[in-house]
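Asks: Supplied structure: upload-v3.txt, compact mmCIF, C-alpha atoms and all ligand atoms.
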# COMPACT_ATOMS: atom_id res chain seq x y z
CA MET C 1 94.29 64.96 109.47
CA LYS C 2 95.44 65.44 105.87
CA ILE C 3 94.68 68.90 104.53
CA ALA C 4 95.23 69.74 100.87
CA MET C 5 94.94 73.05 99.08
CA THR C 6 96.63 75.05 96.34
CA VAL C 7 99.11 77.63 97.60
CA ASN C 8 100.64 80.11 95.15
CA GLY C 9 99.58 77.87 92.27
CA LYS C 10 101.08 74.65 93.69
CA SER C 11 99.09 71.74 95.11
CA VAL C 12 100.16 71.04 98.70
CA SER C 13 99.08 68.49 101.26
CA ARG C 14 100.17 68.12 104.90
CA ASP C 15 99.21 65.96 107.87
CA VAL C 16 98.35 68.40 110.64
CA ALA C 17 96.32 68.56 113.85
CA GLY C 18 92.68 69.44 113.28
CA ASN C 19 93.00 72.71 115.20
CA THR C 20 95.87 74.01 113.04
CA LEU C 21 95.27 77.59 111.96
CA LEU C 22 95.75 78.53 108.33
CA VAL C 23 98.61 80.85 109.30
CA GLU C 24 100.36 77.94 111.10
CA TYR C 25 99.86 75.70 108.08
CA ILE C 26 101.41 78.37 105.85
CA ARG C 27 104.30 79.39 108.10
CA ASP C 28 105.15 76.23 110.06
CA HIS C 29 104.25 73.47 107.61
CA LEU C 30 104.93 75.13 104.24
CA ARG C 31 107.72 77.39 105.58
CA LEU C 32 106.27 80.42 103.80
CA THR C 33 107.22 82.99 106.42
CA GLY C 34 106.27 86.13 104.50
CA THR C 35 102.86 85.91 106.17
CA HIS C 36 103.37 87.39 109.63
CA VAL C 37 101.73 87.02 113.04
CA GLY C 38 101.56 90.33 114.88
CA CYS C 39 98.88 89.73 117.52
CA ASP C 40 96.72 87.10 119.11
CA THR C 41 93.52 89.10 118.96
CA SER C 42 92.72 89.10 115.20
CA GLN C 43 93.40 92.83 115.02
CA CYS C 44 96.70 93.56 113.28
CA GLY C 45 96.20 92.13 109.77
CA ALA C 46 99.86 91.09 109.38
CA CYS C 47 98.57 87.59 108.53
CA VAL C 48 96.31 88.53 105.60
CA VAL C 49 96.38 86.14 102.62
CA HIS C 50 93.93 85.62 99.76
CA VAL C 51 91.64 82.60 99.98
CA ASP C 52 89.82 81.98 96.71
CA GLY C 53 90.63 85.56 95.76
CA LYS C 54 89.39 87.22 98.97
CA ALA C 55 91.56 88.80 101.67
CA MET C 56 91.33 86.80 104.91
CA LYS C 57 93.13 86.99 108.24
CA SER C 58 94.81 83.59 108.21
CA CYS C 59 95.06 83.62 112.03
CA THR C 60 91.28 83.55 112.32
CA MET C 61 90.72 80.57 110.05
CA LEU C 62 91.40 76.87 110.49
CA ALA C 63 93.56 75.28 107.80
CA ALA C 64 90.77 72.69 107.49
CA SER C 65 88.40 75.46 106.39
CA ALA C 66 90.75 76.16 103.46
CA GLU C 67 90.71 72.51 102.32
CA GLY C 68 90.57 72.55 98.50
CA ALA C 69 90.88 76.34 98.32
CA ALA C 70 93.29 78.42 96.24
CA VAL C 71 95.44 80.42 98.65
CA THR C 72 97.82 83.20 97.67
CA THR C 73 100.44 84.50 100.08
CA VAL C 74 102.70 87.51 99.57
CA GLU C 75 105.33 85.15 98.12
CA GLY C 76 102.92 84.27 95.31
CA LEU C 77 101.87 87.77 94.33
CA ALA C 78 104.70 88.64 91.93
CA LYS C 79 104.74 87.04 88.48
CA SER C 80 108.37 86.01 88.93
CA LYS C 81 111.36 86.54 91.20
CA ASP C 82 112.56 89.28 88.84
CA GLU C 83 109.30 91.20 88.55
CA LEU C 84 107.50 92.57 91.57
CA HIS C 85 103.71 92.95 91.61
CA PRO C 86 102.69 96.56 90.77
CA MET C 87 101.48 97.06 94.37
CA GLN C 88 104.88 95.91 95.69
CA VAL C 89 106.58 98.38 93.33
CA ALA C 90 104.27 101.15 94.58
CA PHE C 91 105.12 100.43 98.25
CA LYS C 92 108.81 100.48 97.38
CA GLU C 93 108.62 103.72 95.39
CA ASN C 94 106.39 105.58 97.86
CA HIS C 95 108.21 104.51 101.03
CA GLY C 96 105.10 102.63 102.20
CA LEU C 97 107.08 100.76 104.83
CA GLN C 98 109.61 101.25 107.57
CA CYS C 99 110.26 98.06 109.57
CA GLY C 100 108.20 96.10 107.05
CA PHE C 101 106.45 93.87 109.56
CA CYS C 102 102.95 94.93 108.53
CA THR C 103 103.80 95.14 104.84
CA PRO C 104 102.82 91.65 103.61
CA GLY C 105 99.38 92.04 105.18
CA MET C 106 99.04 95.60 103.89
CA ILE C 107 99.90 94.52 100.36
CA MET C 108 97.52 91.54 100.40
CA THR C 109 94.73 93.77 101.76
CA ALA C 110 95.57 96.47 99.21
CA THR C 111 95.51 94.16 96.18
CA ASP C 112 92.18 92.71 97.32
CA MET C 113 90.65 96.16 97.81
CA VAL C 114 91.84 97.43 94.42
CA ALA C 115 90.51 94.31 92.66
CA ARG C 116 87.13 94.66 94.42
CA TYR C 117 86.74 98.34 93.58
CA GLN C 118 87.81 97.73 89.98
CA ALA C 119 85.37 94.81 89.60
CA GLU C 120 82.54 97.01 90.90
CA GLY C 121 83.61 99.95 88.72
CA LYS C 122 83.99 102.14 91.84
CA THR C 123 86.63 104.78 92.44
CA LEU C 124 89.02 104.05 95.29
CA THR C 125 89.52 107.31 97.19
CA GLU C 126 91.98 108.02 100.01
CA GLU C 127 89.02 107.99 102.38
CA ASN C 128 87.96 104.52 101.13
CA ILE C 129 91.52 103.27 101.53
CA ARG C 130 91.77 104.50 105.13
CA HIS C 131 88.42 102.86 105.89
CA GLU C 132 89.46 99.58 104.20
CA LEU C 133 92.70 99.55 106.24
CA GLU C 134 90.85 99.47 109.56
CA GLY C 135 91.86 95.81 110.01
CA ASN C 136 95.57 96.42 109.34
CA ILE C 137 97.79 98.01 111.96
CA CYS C 138 101.10 99.72 111.24
CA ARG C 139 103.17 100.83 114.20
CA CYS C 140 105.76 102.80 112.21
CA THR C 141 104.58 104.83 109.25
CA GLY C 142 101.60 106.88 110.40
CA TYR C 143 99.79 105.37 107.36
CA HIS C 144 100.30 108.41 105.10
CA ASN C 145 102.79 106.71 102.79
CA ILE C 146 100.82 103.46 102.88
CA VAL C 147 97.75 105.28 101.56
CA LYS C 148 99.93 107.02 98.95
CA SER C 149 101.37 103.63 97.94
CA ILE C 150 97.92 102.11 97.52
CA VAL C 151 96.71 105.04 95.39
CA ASP C 152 99.79 104.58 93.19
CA GLY C 153 99.50 100.77 93.25
CA ALA C 154 95.87 100.99 92.14
CA SER C 155 96.86 103.07 89.15
CA LYS C 156 99.79 100.75 88.35
CA MET C 157 97.46 97.71 88.59
CA THR C 158 94.99 99.37 86.20
CA SER C 159 97.67 100.07 83.61
CA ALA C 160 99.49 96.71 84.09
FE1 LIG C 201 96.21 87.81 112.35
FE2 LIG C 201 97.14 89.80 113.92
S1 LIG C 201 98.10 87.92 113.38
S2 LIG C 201 95.24 89.68 112.82
FE1 LIG C 202 106.61 98.78 110.74
FE2 LIG C 202 104.26 98.97 109.48
S1 LIG C 202 106.23 99.44 108.71
S2 LIG C 202 104.68 98.05 111.39
Show the structure stored in the file as structure tokens.
Replies:
Amino acid sequence: MKIAMTVNGKSVSRDVAGNTLLVEYIRDHLRLTGTHVGCDTSQCGACVVHVDGKAMKSCTMLAASAEGAAVTTVEGLAKSKDELHPMQVAFKENHGLQCGFCTPGMIMTATDMVARYQAEGKTLTEENIRHELEGNICRCTGYHNIVKSIVDGASKMTSA
């Protein structure tokens, strides 16, 4: 079946099997491999993308369910190749990654959480961040620098 959507601001359309997952559509058909697959149990969060502005695990969603949607992957977060998104800068500056496998999902989850808290006028505390990261697993960092990165990224996003 033909499935069309907007990915990182570009209209795309591909003929795929009806049971194609969104993460397969993104990685295998669009060749956007920044979105990772770290499990087959919907637990790790390495596959998080934004669908119509909301963070979603793209391994738990059929591509057909994203028909007509606006999808953003980690490749589409920065304004340009020369200017990282403020949350990407924060992860870089605060050593929020080691192997980097979880990082795309962490950053997509983080930008969604900051945008939600800002929209609701709520303060994002370290405790909130740790709670919000329940669906994202990192095997390397112990999370401390990820939380630090998100606190910094939130402040950078506010002043951007
Ligand atoms: Fe989607 Fe692990 S690959 S949650
Ligand atoms: Fe290696 Fe998170 S940095 S899994």
Asks: If we count all atoms listed in the file, what is near range 147-153 of chain C at a cut-off of 9 Å, once residues fewer than 3 positions away on the same chain are taken out, given as a PyMOL selection string?
Replies: chain C and resi 86-96+107+110-111+114+124-126+129-130+133+143-144+156-158
Asks: From the set C:Ser155, C:Thr60, C:Ser65, C:Asn128, which residue has the shortest atom-to-atom contact distance to Ala4 in chain C, counting only C-alpha atoms?
Replies: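 When distances to Ala4 in chain C are compared using only C-alpha atoms, the smallest one comes from C:Ser65.
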Asks: Taking the point (100.6, 75.7, 108.5) as given in the file, collect each protein or nucleic acid residue that comes within 12 Å of it, counting all atoms listed in the file, and present the set as a VMD selection string.
Replies: chain C and resid 2 to 5 7 12 to 33 35 58 to 59 61 to 64 66
Asks: Produce as a list in words the set of residues near ligand LIG 202 (chain C), where near means within 7 Å with only C-alpha atoms and all ligand atoms considered.
Replies: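 Those residues are Leu97, Gln98, Cys99, Gly100, Phe101, Cys102, Thr103, Ile137, Cys138, Arg139, Cys140 and Thr141 of chain C.
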Asks: Using all atoms listed in the file, which residues have at least one atom no more than 7 Å from ligand LIG 201 (chain C)? Output them as a ChimeraX atom specification.
Replies: /C:36-48,57-60
Asks: Please, what distance in Å, to one decimal, runs between CA of Met108 in chain C and CA of Lys81 in chain C?
Replies: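 Taking CA of Met108 in chain C and CA of Lys81 in chain C, their separation equals 17.4 Å.
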Asks: Select, from C:His50, C:Met56, C:Glu132, C:Ser159, the residue with the minimum atom-to-atom distance to Leu77 in chain C, counting all atoms listed in the file.
Replies: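 For Leu77 in chain C, the nearest of the candidates is C:His50.
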Asks: Of the candidates C:Arg116, C:Glu127, C:Gly121, C:His85, which shows the shortest atom-to-atom distance to Ala160 in chain C, using only C-alpha atoms?
Replies: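 Going through C:Arg116, C:Glu127, C:Gly121, C:His85 one by one, the smallest distance to Ala160 in chain C is for C:His85.
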Asks: Determine the nearest neighbour of Met1 in chain C from the options C:Glu67, C:Ala119, C:Ala78, C:Thr73, counting all atoms listed in the file.
Replies: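 Of the candidates, the smallest distance to Met1 in chain C is held by C:Glu67.
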Asks: At what distance in Å, to one decimal, does CA of Asn8 in chain C lie from CA of Glu83 in chain C?
Replies: 15.5 Å
Asks: Just the number, please: distance in Å from CA of Ala154 in chain C to CA of Val71 in chain C, one decimal.
Replies: 21.6 Å
Asks: Closest to Gly105 in chain C among C:Thr6, C:Thr72, C:Asn145, C:Ser11, using all atoms listed in the file?
Replies: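 Distance minimum relative to Gly105 in chain C lands on C:Thr72.
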